[in-house]
Each structure stands twice: as C-alpha cells, then as structure tokens.
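Chemist: Here you go, structure16.txt (compact mmCIF, C-alpha atoms):
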# COMPACT_ATOMS: atom_id res chain seq x y z
CA MET F 1 4.13 -5.61 12.32
CA ASP F 2 6.97 -3.86 10.58
CA GLN F 3 5.91 -4.70 7.02
CA VAL F 4 2.51 -3.18 7.68
CA GLN F 5 3.86 -0.10 9.42
CA ASN F 6 6.56 0.56 6.84
CA LEU F 7 4.18 0.29 3.89
CA PRO F 8 4.70 3.21 1.50
CA PRO F 9 1.76 5.67 1.54
CA HIS F 10 0.73 5.14 -2.09
CA MET F 11 0.05 1.48 -1.36
CA GLN F 12 -1.95 2.04 1.80
CA SER F 13 -5.41 2.47 0.27
CA GLU F 14 -5.07 -0.78 -1.68
CA PHE F 15 -3.82 -2.45 1.49
CA MET F 16 -6.87 -1.21 3.40
CA LYS F 17 -9.12 -2.63 0.67
CA ASN F 18 -7.31 -5.97 0.95
CA MET F 19 -7.77 -5.87 4.71
CA GLU F 20 -11.52 -5.27 4.41
CA GLN F 21 -11.83 -8.24 2.06
CA MET F 22 -9.72 -10.38 4.36
CA GLN F 23 -11.86 -9.42 7.33
CA MET F 24 -15.05 -10.34 5.46
CA LYS F 25 -13.62 -13.73 4.49
CA ASP F 26 -12.31 -14.31 7.99
CA SER F 27 -15.67 -13.64 9.64
CA LEU F 28 -17.26 -16.30 7.40
CA VAL F 29 -14.47 -18.75 8.24
CA MET F 30 -14.99 -18.01 11.93
CA TYR F 31 -18.72 -18.66 11.59
CA ASN F 32 -18.13 -22.10 10.07
CA THR F 33 -15.42 -22.96 12.61
CA LEU F 34 -17.72 -21.93 15.43
CA VAL F 35 -20.58 -24.08 14.18
CA GLU F 36 -18.32 -27.09 13.67
CA ARG F 37 -16.72 -26.82 17.08
CA CYS F 38 -19.93 -26.27 19.01
CA PHE F 39 -21.71 -29.01 17.10
CA GLY F 40 -18.89 -31.39 17.99
CA THR F 41 -19.21 -30.54 21.65
CA CYS F 42 -22.96 -30.23 22.03
CA ILE F 43 -24.61 -32.69 19.69
CA SER F 44 -23.97 -36.38 20.21
CA SER F 45 -27.22 -38.25 19.57
CA PHE F 46 -29.21 -38.58 16.37
CA ARG F 47 -32.45 -40.07 17.68
CA SER F 48 -34.39 -37.10 16.36
CA LYS F 49 -34.30 -34.83 13.32
CA SER F 50 -34.33 -31.58 15.29
CA LEU F 51 -32.39 -30.15 18.20
CA ASP F 52 -33.85 -30.65 21.65
CA LYS F 53 -33.91 -27.96 24.35
CA TYR F 54 -30.57 -28.94 25.87
CA GLU F 55 -28.77 -29.09 22.56
CA THR F 56 -30.16 -25.67 21.57
CA THR F 57 -29.09 -24.10 24.88
CA CYS F 58 -25.67 -25.72 24.58
CA MET F 59 -25.16 -24.43 21.03
CA GLU F 60 -26.22 -20.91 21.98
CA ASN F 61 -24.07 -20.83 25.09
CA CYS F 62 -21.11 -22.34 23.28
CA ALA F 63 -21.29 -19.73 20.52
CA SER F 64 -21.67 -16.91 23.01
CA ARG F 65 -18.73 -18.11 25.11
CA TYR F 66 -16.53 -18.61 22.07
CA ILE F 67 -17.19 -15.06 20.90
CA LYS F 68 -16.47 -13.68 24.36
CA MET F 69 -13.26 -15.67 24.52
CA THR F 70 -12.23 -14.46 21.07
CA GLN F 71 -12.73 -10.89 22.25
CA ARG F 72 -10.64 -11.49 25.35
CA VAL F 73 -7.87 -13.15 23.33
CA GLY F 74 -7.90 -10.16 20.98
CA LEU F 75 -7.52 -7.79 23.91
CA ARG F 76 -4.55 -9.65 25.40
CA PHE F 77 -2.97 -10.05 21.96
CA ALA F 78 -3.21 -6.30 21.33
CA GLU F 79 -1.67 -5.61 24.74
CA HIS F 80 1.17 -7.98 23.92
CA GLN F 81 1.77 -6.31 20.55
CA ALA F 82 1.75 -2.84 22.13
CA MET F 83 4.29 -3.92 24.75
CA GLN F 84 6.52 -5.45 22.08
CA GLN F 85 6.38 -2.25 20.03
CA LYS F 86 7.20 -0.17 23.08
CA ARG F 87 10.19 -2.41 23.83
CA ALA F 88 11.40 -2.10 20.24
CA ALA F 89 10.98 1.69 20.32
CA ASP F 90 12.85 1.92 23.63
CA ALA F 91 15.66 -0.26 22.29
CA ALA F 92 15.90 1.91 19.16
CA ALA F 93 15.97 5.10 21.25
CA ALA F 94 18.67 3.66 23.52
CA ALA F 95 20.75 2.63 20.52
CA ALA F 96 20.37 6.10 18.98
CA THR F 97 21.57 7.96 22.05
CA ASN F 98 24.59 5.65 22.55
CA MET Q 99 32.38 -6.03 -4.86
CA ASN Q 100 32.78 -3.62 -7.73
CA PHE Q 101 33.14 -4.75 -11.28
CA PHE Q 102 34.66 -2.05 -13.48
CA GLY Q 103 33.50 0.66 -11.06
CA LYS Q 104 29.80 -0.22 -11.41
CA GLU Q 105 27.83 -0.87 -8.24
CA ASP Q 106 26.15 -4.22 -7.74
CA PRO Q 107 22.51 -3.91 -8.77
CA LYS Q 108 20.28 -4.14 -5.70
CA PRO Q 109 18.20 -7.33 -5.71
CA ALA Q 110 14.51 -6.58 -6.18
CA GLY Q 111 12.85 -7.10 -2.79
CA PRO Q 112 9.39 -8.57 -2.36
CA ASP Q 113 6.54 -6.24 -3.34
CA PRO Q 114 5.75 -4.25 -0.14
CA LEU Q 115 2.00 -4.66 -0.64
CA PHE Q 116 2.40 -8.43 -0.85
CA ALA Q 117 4.66 -8.43 2.19
CA ALA Q 118 2.21 -6.39 4.25
CA THR Q 119 -0.79 -8.47 3.13
CA THR Q 120 1.08 -11.69 3.89
CA GLU Q 121 2.09 -10.36 7.29
CA MET Q 122 -1.54 -9.56 8.14
CA GLU Q 123 -2.61 -13.02 6.93
CA MET Q 124 -0.01 -14.52 9.25
CA TYR Q 125 -1.30 -12.52 12.22
CA THR Q 126 -4.91 -13.41 11.36
CA ASN Q 127 -3.98 -17.09 11.19
CA LEU Q 128 -2.11 -16.84 14.49
CA PHE Q 129 -5.08 -15.15 16.15
CA ASN Q 130 -7.57 -17.74 14.88
CA LYS Q 131 -5.44 -20.69 15.96
CA MET Q 132 -4.75 -19.10 19.34
CA ALA Q 133 -8.44 -18.40 20.02
CA SER Q 134 -9.38 -21.90 18.93
CA THR Q 135 -6.67 -23.58 21.01
CA CYS Q 136 -7.37 -21.55 24.15
CA PHE Q 137 -11.09 -22.23 23.84
CA GLU Q 138 -10.36 -25.93 23.62
CA LYS Q 139 -8.01 -25.85 26.60
CA CYS Q 140 -9.82 -23.42 28.89
CA ALA Q 141 -13.56 -23.41 28.29
CA SER Q 142 -15.48 -26.20 29.96
CA ARG Q 143 -17.36 -28.33 27.46
CA LYS Q 144 -20.58 -28.23 29.47
CA HIS Q 145 -21.61 -24.79 28.16
CA LYS Q 146 -24.22 -24.45 30.89
CA GLU Q 147 -23.68 -20.72 31.15
CA ASN Q 148 -23.82 -17.86 28.69
CA ASP Q 149 -20.72 -16.15 30.11
CA LEU Q 150 -17.16 -17.20 30.78
CA ALA Q 151 -16.39 -18.11 34.39
CA LEU Q 152 -13.67 -16.26 36.30
CA GLY Q 153 -11.36 -19.27 36.18
CA GLU Q 154 -11.88 -19.59 32.45
CA MET Q 155 -10.99 -15.91 31.98
CA SER Q 156 -7.74 -16.24 33.94
CA CYS Q 157 -6.98 -19.39 31.98
CA THR Q 158 -7.50 -17.45 28.74
CA ASP Q 159 -5.06 -14.70 29.78
CA ARG Q 160 -2.39 -17.23 30.68
CA CYS Q 161 -3.08 -19.27 27.56
CA VAL Q 162 -2.51 -16.22 25.33
CA SER Q 163 0.71 -15.37 27.13
CA LYS Q 164 2.07 -18.92 26.87
CA TYR Q 165 0.99 -19.33 23.26
CA LEU Q 166 2.85 -16.19 22.18
CA GLU Q 167 5.94 -17.18 24.14
CA ALA Q 168 5.84 -20.66 22.60
CA GLN Q 169 5.54 -19.07 19.17
CA GLU Q 170 8.69 -17.02 19.78
CA LYS Q 171 10.65 -20.10 20.85
CA VAL Q 172 9.56 -22.02 17.76
CA GLY Q 173 10.53 -19.02 15.64
CA VAL Q 174 14.07 -19.12 17.03
CA VAL Q 175 14.36 -22.87 16.33
CA LEU Q 176 13.12 -22.39 12.77
CA GLN Q 177 15.53 -19.54 12.14
CA LYS Q 178 18.51 -21.61 13.34
CA ALA Q 179 17.42 -24.54 11.18
CA ASN Q 180 17.11 -22.20 8.21
CA GLU Q 181 20.59 -20.74 8.77
CA ALA Q 182 22.09 -24.23 9.16
CA GLN Q 183 20.44 -25.36 5.94
CA MET Q 184 21.68 -22.29 4.03
CA ALA Q 185 25.21 -22.79 5.37
CA GLN Q 186 25.08 -26.42 4.27
CA GLN Q 187 23.86 -25.46 0.79
CA GLN Q 188 26.65 -22.90 0.50
CA ASN Q 189 29.26 -25.50 1.51
CA LEU Q 190 27.88 -27.89 -1.08
CA ALA Q 191 28.00 -25.18 -3.78
CA GLU Q 192 31.59 -24.28 -2.88
CA MET Q 193 32.63 -27.93 -2.98
CA GLN Q 194 31.04 -28.38 -6.39
CA ASN Q 195 32.80 -25.24 -7.67
CA ALA Q 196 36.13 -26.49 -6.36
CA VAL Q 197 35.65 -29.88 -8.03
CA GLY Q 198 34.46 -28.27 -11.26
CA GLY Q 199 37.41 -25.89 -11.38
CA ARG Q 200 40.03 -28.66 -11.51
Let's see the structure in the file written out as structure tokens.
Modeler:
Amino acid sequence: MDQVQNLPPHMQSEFMKNMEQMQMKDSLVMYNTLVERCFGTCISSFRSKSLDKYETTCMENCASRYIKMTQRVGLRFAEHQAMQQKRAADAAAAAATN
Amino acid sequence: MNFFGKEDPKPAGPDPLFAATTEMEMYTNLFNKMASTCFEKCASRKHKENDLALGEMSCTDRCVSKYLEAQEKVGVVLQKANEAQMAQQQNLAEMQNAVGGR
C-alpha cells in the first residue's frame, strides 16, 4: 500500500473523496454480484412466477452467509497486510542499523 | 550522463493521486475476487443455515492465505516476463541502431 501511504498531504482530501465514491460504487456492485450468485445457486425451476418457501430461505441464507464470509475474508486480509507492513518495517529498520 | 554540465531532466512520474487511486482499485478488485472465489470453494451450496459452519470458517481462513500466496507467485512470474520482454526490446533497438549506423 505504498502509493496510498506515501500520498502527499495536499492530495489526501481528494483521495478520501475518491475512496468514498469508490466504496459507494463497490457496494452496489457487490449487491448485484450477490443476487446473481445466490440466484444461480438457489433458483433452478420456473414452474411458478414467485419464489417458494425453500427458494426464499435459500436466498436469504445465501446472502447472509456471503456477507459473513466477506467480513471474515476482510479480517484475514487486513491481518495479512498488517503482517506484511510489519515485515517491511523490520527489514527497513535492520537495513538502517547495518 | 551529463550533456554540457546540465543534469538530465527527471522523467515526470505518474500523478500520485492517480497512482494511489489505482492502487486502491487494485486492492478492491483483489478483495472482491478473493471473497467470491472463497465463497465458491468453501461455502456449501445448500444454504440451509444462516451462519457459516466451523469447517467453512477454517476453509475461508486457509483460502485467503493460499489466494494471497498464489497472487505473490503470479506477481513474480509477471515481473520476470516483463523484464525479459524489456530486455528483448532493448536488444532489438540496439540491433536496429547498429544496422542504421552503417
């Protein structure tokens, strides 16, 4: 994340605005992806116009599980990033003292 | 190299705002693909429950770890390919200069 961390201060507020916009767009993309994926898994027959009980439960569970998994992935990803940064900082400190 | 004592002008780097925004886009893309892939690989398609099972959670942790490691390996391969291609282009340019100079 060195480009983000080394961003000069006068550009940071515009960057934050960009990030907010990106986050908004991304949440809409995630919504559509979620619907598509869960529909693909849960709905397979078209005998009726509306969802039956099982299909509804499946969709709701699928969405809930996907969100929980996304949260878990985010947690592990952040841990991984933190560890990488620590390793980089340690390497830099070791190089400085040598 | 110095020509007549003047320093070489520094090449204009990419706009830092663009670089930072692009970097965040890359990480967002990575995150989305990783979440999607790990859901496909680890979550049972039955969706009988509201929550993730314990096995699915362990699978997710390992999936994230493997995905990031795989990404690093691919990055190394891409970098080598890039360097090889640049070296090849440079050789070609030098050959053309040599031929043109005669």
Chemist: Need the shell around stretch 109-126 of chain Q: protein/DNA/RNA residues with any atom at most 9 Å away, counting all atoms listed in the file. Skip same-chain ones fewer than 4 positions apart. Format as a compact mmCIF listing (two decimals) with C-alpha atoms, in the coordinates of the input?
Modeler:
# COMPACT_ATOMS: atom_id res chain seq x y z
CA MET F 1 4.13 -5.61 12.32
CA ASP F 2 6.97 -3.86 10.58
CA GLN F 3 5.91 -4.70 7.02
CA VAL F 4 2.51 -3.18 7.68
CA GLN F 5 3.86 -0.10 9.42
CA ASN F 6 6.56 0.56 6.84
CA LEU F 7 4.18 0.29 3.89
CA PRO F 8 4.70 3.21 1.50
CA MET F 11 0.05 1.48 -1.36
CA GLN F 12 -1.95 2.04 1.80
CA GLU F 14 -5.07 -0.78 -1.68
CA PHE F 15 -3.82 -2.45 1.49
CA ASN F 18 -7.31 -5.97 0.95
CA MET F 19 -7.77 -5.87 4.71
CA MET F 22 -9.72 -10.38 4.36
CA GLN F 23 -11.86 -9.42 7.33
CA ASP F 26 -12.31 -14.31 7.99
CA ASN Q 130 -7.57 -17.74 14.88
CA LYS Q 131 -5.44 -20.69 15.96
Chemist: Please find the residues of chain F near chain Q - the criterion being any atom within 6 Å, counting all atoms listed in the file - and write them as an mmCIF file with C-alpha atoms, keeping the file's coordinate frame.
Modeler:
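This is the output file result.cif:
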data_model
loop_
_atom_site.group_PDB
_atom_site.id
_atom_site.type_symbol
_atom_site.label_atom_id
_atom_site.label_comp_id
_atom_site.auth_asym_id
_atom_site.auth_seq_id
_atom_site.Cartn_x
_atom_site.Cartn_y
_atom_site.Cartn_z
ATOM 1 C CA GLN F 3 5.910 -4.700 7.020
ATOM 2 C CA VAL F 4 2.510 -3.180 7.680
ATOM 3 C CA CYS F 58 -25.670 -25.720 24.580
ATOM 4 C CA ASN F 61 -24.070 -20.830 25.090
ATOM 5 C CA CYS F 62 -21.110 -22.340 23.280
ATOM 6 C CA ARG F 65 -18.730 -18.110 25.110
ATOM 7 C CA THR F 70 -12.230 -14.460 21.070
#
Chemist: What does the structure give for the distance between atom CA of F:Gly40 and atom CA of F:Ala63, in Å to one decimal?
Modeler: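 Answer for the atom CA of F:Gly40 to atom CA of F:Ala63 separation: 12.2 Å.
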Chemist: What is the atom CA of F:Glu55-atom CA of F:Ile43 distance in Å, reported with one decimal?
Modeler: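 Here the two named atoms are 6.2 Å from each other.
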Chemist: Which residue is closest to Q:Glu170? Choose from F:Gln84, F:Met69, F:Tyr54, F:Ala91 and count all atoms listed in the file.
Modeler: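 Closest residue, counting all atoms listed in the file: F:Gln84.
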Chemist: May I ask for the distance between atom CA of Q:Thr135 and atom CA of F:Lys17, given in Å to one decimal place?
Modeler: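 For atom CA of Q:Thr135 relative to atom CA of F:Lys17, the distance reads 29.3 Å.
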Chemist: If the box runs along x, y and z of the file and leaves 3 Å on each side of stretch 14-19 of chain F, what are its centre and edge lengths in Å, one decimal, as lines of an AutoDock Vina configuration file?
Modeler:
center_x = -6.5
center_y = -3.4
center_z = 1.5
size_x = 11.3
size_y = 11.2
size_z = 12.4
Chemist: Pick from Q:Lys178, Q:Gln187, Q:Leu128, Q:Lys139: nearest to Q:Cys157, with only C-alpha atoms counted?
Modeler: Q:Lys139
Chemist: Would you save stretch 133-168 of chain Q from the block above with C-alpha atoms, as an mmCIF file, in the first residue's frame?
Modeler:
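Result file result24.cif:
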data_model
loop_
_atom_site.group_PDB
_atom_site.id
_atom_site.type_symbol
_atom_site.label_atom_id
_atom_site.label_comp_id
_atom_site.auth_asym_id
_atom_site.auth_seq_id
_atom_site.Cartn_x
_atom_site.Cartn_y
_atom_site.Cartn_z
ATOM 1 C CA ALA Q 133 -14.265 -13.231 -1.428
ATOM 2 C CA SER Q 134 -16.134 -14.535 -4.455
ATOM 3 C CA THR Q 135 -13.675 -17.376 -5.092
ATOM 4 C CA CYS Q 136 -13.506 -18.476 -1.464
ATOM 5 C CA PHE Q 137 -17.290 -18.433 -1.197
ATOM 6 C CA GLU Q 138 -17.495 -20.643 -4.263
ATOM 7 C CA LYS Q 139 -14.865 -23.044 -2.943
ATOM 8 C CA CYS Q 140 -15.769 -23.171 0.738
ATOM 9 C CA ALA Q 141 -19.443 -22.465 1.334
ATOM 10 C CA SER Q 142 -21.765 -25.389 0.802
ATOM 11 C CA ARG Q 143 -24.376 -24.681 -1.848
ATOM 12 C CA LYS Q 144 -27.223 -25.973 0.301
ATOM 13 C CA HIS Q 145 -27.557 -22.729 2.293
ATOM 14 C CA LYS Q 146 -29.671 -24.456 4.911
ATOM 15 C CA GLU Q 147 -28.244 -22.340 7.690
ATOM 16 C CA ASN Q 148 -27.981 -18.628 8.311
ATOM 17 C CA ASP Q 149 -24.420 -18.844 9.657
ATOM 18 C CA LEU Q 150 -21.154 -20.249 8.395
ATOM 19 C CA ALA Q 151 -20.218 -23.664 9.777
ATOM 20 C CA LEU Q 152 -16.933 -24.144 11.636
ATOM 21 C CA GLY Q 153 -15.439 -26.091 8.746
ATOM 22 C CA GLU Q 154 -16.441 -23.375 6.314
ATOM 23 C CA MET Q 155 -14.767 -20.750 8.511
ATOM 24 C CA SER Q 156 -11.480 -22.678 8.666
ATOM 25 C CA CYS Q 157 -11.719 -23.198 4.919
ATOM 26 C CA THR Q 158 -12.132 -19.439 4.466
ATOM 27 C CA ASP Q 159 -9.013 -18.661 6.520
ATOM 28 C CA ARG Q 160 -6.928 -21.115 4.526
ATOM 29 C CA CYS Q 161 -8.442 -19.945 1.258
ATOM 30 C CA VAL Q 162 -7.416 -16.334 1.971
ATOM 31 C CA SER Q 163 -3.908 -17.397 2.896
ATOM 32 C CA LYS Q 164 -3.471 -19.522 -0.234
ATOM 33 C CA TYR Q 165 -5.018 -16.916 -2.507
ATOM 34 C CA LEU Q 166 -2.607 -14.216 -1.347
ATOM 35 C CA GLU Q 167 0.366 -16.549 -1.645
ATOM 36 C CA ALA Q 168 -0.736 -17.554 -5.149
#
